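> What follows is final_13.cif; its format and atoms are mmCIF, C-alpha atoms.
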```cif
data_protein
#
loop_
_atom_site.group_PDB
_atom_site.id
_atom_site.type_symbol
_atom_site.label_atom_id
_atom_site.label_comp_id
_atom_site.auth_asym_id
_atom_site.auth_seq_id
_atom_site.Cartn_x
_atom_site.Cartn_y
_atom_site.Cartn_z
ATOM 1 C CA MET W 1 -54.021 -48.854 -38.180
ATOM 2 C CA GLU W 2 -52.757 -50.692 -41.266
ATOM 3 C CA ASP W 3 -53.280 -54.447 -41.339
ATOM 4 C CA LYS W 4 -49.802 -55.855 -42.019
ATOM 5 C CA ASP W 5 -51.325 -59.035 -43.497
ATOM 6 C CA LEU W 6 -52.815 -56.972 -46.335
ATOM 7 C CA VAL W 7 -49.562 -55.226 -47.261
ATOM 8 C CA GLU W 8 -47.599 -56.653 -50.170
ATOM 9 C CA VAL W 9 -43.991 -55.571 -49.685
ATOM 10 C CA VAL W 10 -41.645 -54.872 -52.582
ATOM 11 C CA THR W 11 -38.005 -54.304 -51.679
ATOM 12 C CA LEU W 12 -35.936 -52.142 -54.024
ATOM 13 C CA THR W 13 -32.285 -51.191 -53.783
ATOM 14 C CA ASP W 14 -31.587 -47.460 -53.956
ATOM 15 C CA SER W 15 -28.671 -45.793 -55.754
ATOM 16 C CA GLU W 16 -26.550 -46.094 -52.587
ATOM 17 C CA GLY W 17 -27.106 -49.835 -52.266
ATOM 18 C CA ARG W 18 -29.628 -49.678 -49.408
ATOM 19 C CA ASP W 19 -32.747 -51.834 -49.466
ATOM 20 C CA VAL W 20 -35.982 -49.850 -49.201
ATOM 21 C CA ASP W 21 -39.386 -51.449 -48.570
ATOM 22 C CA PHE W 22 -42.460 -50.280 -50.432
ATOM 23 C CA ASP W 23 -46.134 -51.120 -50.106
ATOM 24 C CA HIS W 24 -47.252 -52.476 -53.494
ATOM 25 C CA LEU W 25 -50.574 -50.765 -54.156
ATOM 26 C CA LEU W 26 -51.405 -51.805 -57.697
ATOM 27 C CA THR W 27 -49.977 -53.053 -60.988
ATOM 28 C CA PHE W 28 -51.780 -52.102 -64.187
ATOM 29 C CA GLU W 29 -51.312 -51.870 -67.922
ATOM 30 C CA PHE W 30 -51.310 -48.398 -69.424
ATOM 31 C CA GLN W 31 -50.531 -47.459 -73.029
ATOM 32 C CA GLY W 32 -48.569 -50.658 -73.601
ATOM 33 C CA LYS W 33 -46.527 -50.454 -70.408
ATOM 34 C CA THR W 34 -46.805 -52.288 -67.112
ATOM 35 C CA ILE W 35 -47.033 -49.655 -64.363
ATOM 36 C CA VAL W 36 -46.413 -50.423 -60.699
ATOM 37 C CA ALA W 37 -47.748 -48.131 -57.953
ATOM 38 C CA LEU W 38 -45.649 -48.192 -54.786
ATOM 39 C CA MET W 39 -45.677 -46.259 -51.519
ATOM 40 C CA PRO W 40 -42.518 -46.117 -49.367
ATOM 41 C CA MET W 41 -42.887 -47.778 -45.970
ATOM 42 C CA THR W 42 -39.981 -45.772 -44.554
ATOM 43 C CA PRO W 43 -38.801 -42.250 -45.410
ATOM 44 C CA VAL W 44 -37.164 -41.919 -48.828
ATOM 45 C CA ALA W 45 -35.229 -38.836 -49.900
ATOM 46 C CA GLY W 46 -37.227 -36.782 -52.384
ATOM 47 C CA VAL W 47 -40.500 -38.610 -51.679
ATOM 48 C CA GLU W 48 -43.162 -37.064 -49.458
ATOM 49 C CA GLU W 49 -44.993 -39.097 -46.818
ATOM 50 C CA ASP W 50 -48.031 -40.831 -48.399
ATOM 51 C CA GLU W 51 -46.730 -40.054 -51.906
ATOM 52 C CA VAL W 52 -47.317 -42.750 -54.513
ATOM 53 C CA MET W 53 -44.486 -43.632 -56.864
ATOM 54 C CA LEU W 54 -45.317 -44.923 -60.336
ATOM 55 C CA LEU W 55 -42.629 -46.972 -62.038
ATOM 56 C CA SER W 56 -42.524 -48.901 -65.293
ATOM 57 C CA LEU W 57 -41.818 -52.632 -64.936
ATOM 58 C CA GLU W 58 -39.461 -53.726 -67.696
ATOM 59 C CA ARG W 59 -36.928 -56.439 -68.425
ATOM 60 C CA ASP W 60 -33.228 -55.776 -68.869
ATOM 61 C CA GLU W 61 -30.982 -57.458 -71.441
ATOM 62 C CA ASN W 62 -30.661 -60.499 -69.134
ATOM 63 C CA GLY W 63 -34.435 -60.887 -68.741
ATOM 64 C CA LYS W 64 -34.388 -59.614 -65.144
ATOM 65 C CA GLU W 65 -37.314 -57.433 -64.042
ATOM 66 C CA VAL W 66 -36.299 -53.827 -63.409
ATOM 67 C CA PHE W 67 -38.260 -50.786 -62.299
ATOM 68 C CA SER W 68 -37.722 -47.623 -64.332
ATOM 69 C CA PRO W 69 -38.995 -44.088 -63.792
ATOM 70 C CA LEU W 70 -41.659 -42.872 -66.184
ATOM 71 C CA GLU W 71 -39.850 -40.719 -68.708
ATOM 72 C CA SER W 72 -42.364 -38.084 -69.683
ATOM 73 C CA GLU W 73 -44.226 -35.842 -67.242
ATOM 74 C CA GLU W 74 -47.300 -36.001 -69.489
ATOM 75 C CA PHE W 75 -47.221 -39.814 -69.454
ATOM 76 C CA LEU W 76 -46.716 -39.775 -65.670
ATOM 77 C CA ASN W 77 -49.725 -37.484 -65.189
ATOM 78 C CA ASP W 78 -51.918 -39.606 -67.466
ATOM 79 C CA ALA W 79 -50.789 -42.826 -65.756
ATOM 80 C CA PHE W 80 -51.458 -41.281 -62.333
ATOM 81 C CA ASP W 81 -54.987 -40.317 -63.398
ATOM 82 C CA ARG W 82 -55.559 -43.933 -64.480
ATOM 83 C CA PHE W 83 -54.096 -45.182 -61.182
ATOM 84 C CA LEU W 84 -56.545 -43.004 -59.242
ATOM 85 C CA GLU W 85 -59.484 -44.384 -61.241
ATOM 86 C CA LEU W 86 -58.421 -47.992 -60.665
ATOM 87 C CA PHE W 87 -57.605 -47.433 -56.988
ATOM 88 C CA GLU W 88 -61.016 -45.863 -56.373
ATOM 89 C CA GLU W 89 -62.690 -48.831 -58.096
ATOM 90 C CA MET W 90 -60.741 -51.220 -55.838
ATOM 91 C CA GLU W 91 -61.797 -49.334 -52.714
ATOM 92 C CA GLU W 92 -65.457 -49.353 -53.818
ATOM 93 C CA GLU W 93 -65.292 -53.133 -54.356
ATOM 94 C CA GLU W 94 -63.914 -53.616 -50.823
ATOM 95 C CA ASP W 95 -66.835 -51.723 -49.228
#
```
Rewrite the structure of this file - the entire thing - as structure tokens.


Amino acid sequence: MEDKDLVEVVTLTDSEGRDVDFDHLLTFEFQGKTIVALMPMTPVAGVEEDEVMLLSLERDENGKEVFSPLESEEFLNDAFDRFLELFEEMEEEED
């Protein structure tokens, strides 16, 4: 069972204005971008159970942090490979 004290929750608003909670897994720098790895805590349309979402953390014209999808499939695949490496390192450190 998941220890709720270890979960860092990020709440995002979907395109229909509903708040959706995500488990924040990791934030890392990759090719000049800040990438955030999130896993939905409740079902999200188009996202499989236990699927990790990678989003780019950026700032809008008002300086507010916004999450944006990764634009290129090649960049997404490369960033996901890096996420897996970092996540495995984190798990090894916890053992």

> Neighbours of Val9 (chain W) within 6 Å (all atoms listed in the file; same-chain residues fewer than 3 positions away dropped), as a list in words?

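Once the adjacent positions are removed, what remains is Phe22, Asp23 and His24 of chain W.
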
> I would like the residues chosen by the PyMOL selection byres ((chain W and resi 29-34) around 7) on the shown file; could you give them as JSON, numbers by chain?

{"W": [27, 28, 35, 36, 56, 57, 79]}

> Please produce a file of those selected residues containing C-alpha atoms, as a PDB file, in the coordinates of the input.


```pdb
ATOM      1  CA  THR W  27     -49.977 -53.053 -60.988  1.00  0.00           C
ATOM      2  CA  PHE W  28     -51.780 -52.102 -64.187  1.00  0.00           C
ATOM      3  CA  ILE W  35     -47.033 -49.655 -64.363  1.00  0.00           C
ATOM      4  CA  VAL W  36     -46.413 -50.423 -60.699  1.00  0.00           C
ATOM      5  CA  SER W  56     -42.524 -48.901 -65.293  1.00  0.00           C
ATOM      6  CA  LEU W  57     -41.818 -52.632 -64.936  1.00  0.00           C
ATOM      7  CA  ALA W  79     -50.789 -42.826 -65.756  1.00  0.00           C
TER       8      ALA W  79
END
```

> Convert the output of the PyMOL selection byres ((chain W and resi 52) around 8) on the shown file into explicit residues, formatted as a compact mmCIF listing (two decimals) with C-alpha atoms, in the frame of the given file.


```
# COMPACT_ATOMS: atom_id res chain seq x y z
CA ALA W 37 -47.75 -48.13 -57.95
CA LEU W 38 -45.65 -48.19 -54.79
CA MET W 39 -45.68 -46.26 -51.52
CA PRO W 40 -42.52 -46.12 -49.37
CA ASP W 50 -48.03 -40.83 -48.40
CA GLU W 51 -46.73 -40.05 -51.91
CA MET W 53 -44.49 -43.63 -56.86
CA LEU W 54 -45.32 -44.92 -60.34
```

> Would you compute the distance between CA of Arg18 (chain W) and CA of Glu61 (chain W)? Give it in Å to one decimal.

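If I compute the distance from CA of Arg18 (chain W) to CA of Glu61 (chain W), I get 23.4 Å.
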
> Nearest to Pro43 (chain W): which of W:Leu26, W:Val20, W:Leu55, W:Leu70 is it, counting all atoms listed in the file?

W:Val20

> What is the CA of Asn77 (chain W)-CA of Gly17 (chain W) distance in Å, reported with one decimal?

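CA of Asn77 (chain W) sits 28.8 Å away from CA of Gly17 (chain W).
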
> Could you tell me how far CA of Val47 (chain W) sits from CA of Phe80 (chain W), in Å to one decimal place?

15.5 Å

> Let me have the centre and edge lengths in Å, one decimal, of the box along x, y and z around every listed atom of region 42-45 of chain W with 5 Å of margin on each side, as lines of an AutoDock Vina configuration file.


```
center_x = -37.6
center_y = -42.3
center_z = -47.2
size_x = 14.8
size_y = 16.9
size_z = 15.3
```

> Go through W:Ser15, W:Ala45, W:Leu25, W:Glu58 and flag the residue nearest Leu84 (chain W), using all atoms listed in the file for the distances.

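Of W:Ser15, W:Ala45, W:Leu25, W:Glu58, the one nearest Leu84 (chain W), counting all atoms listed in the file, is W:Leu25.
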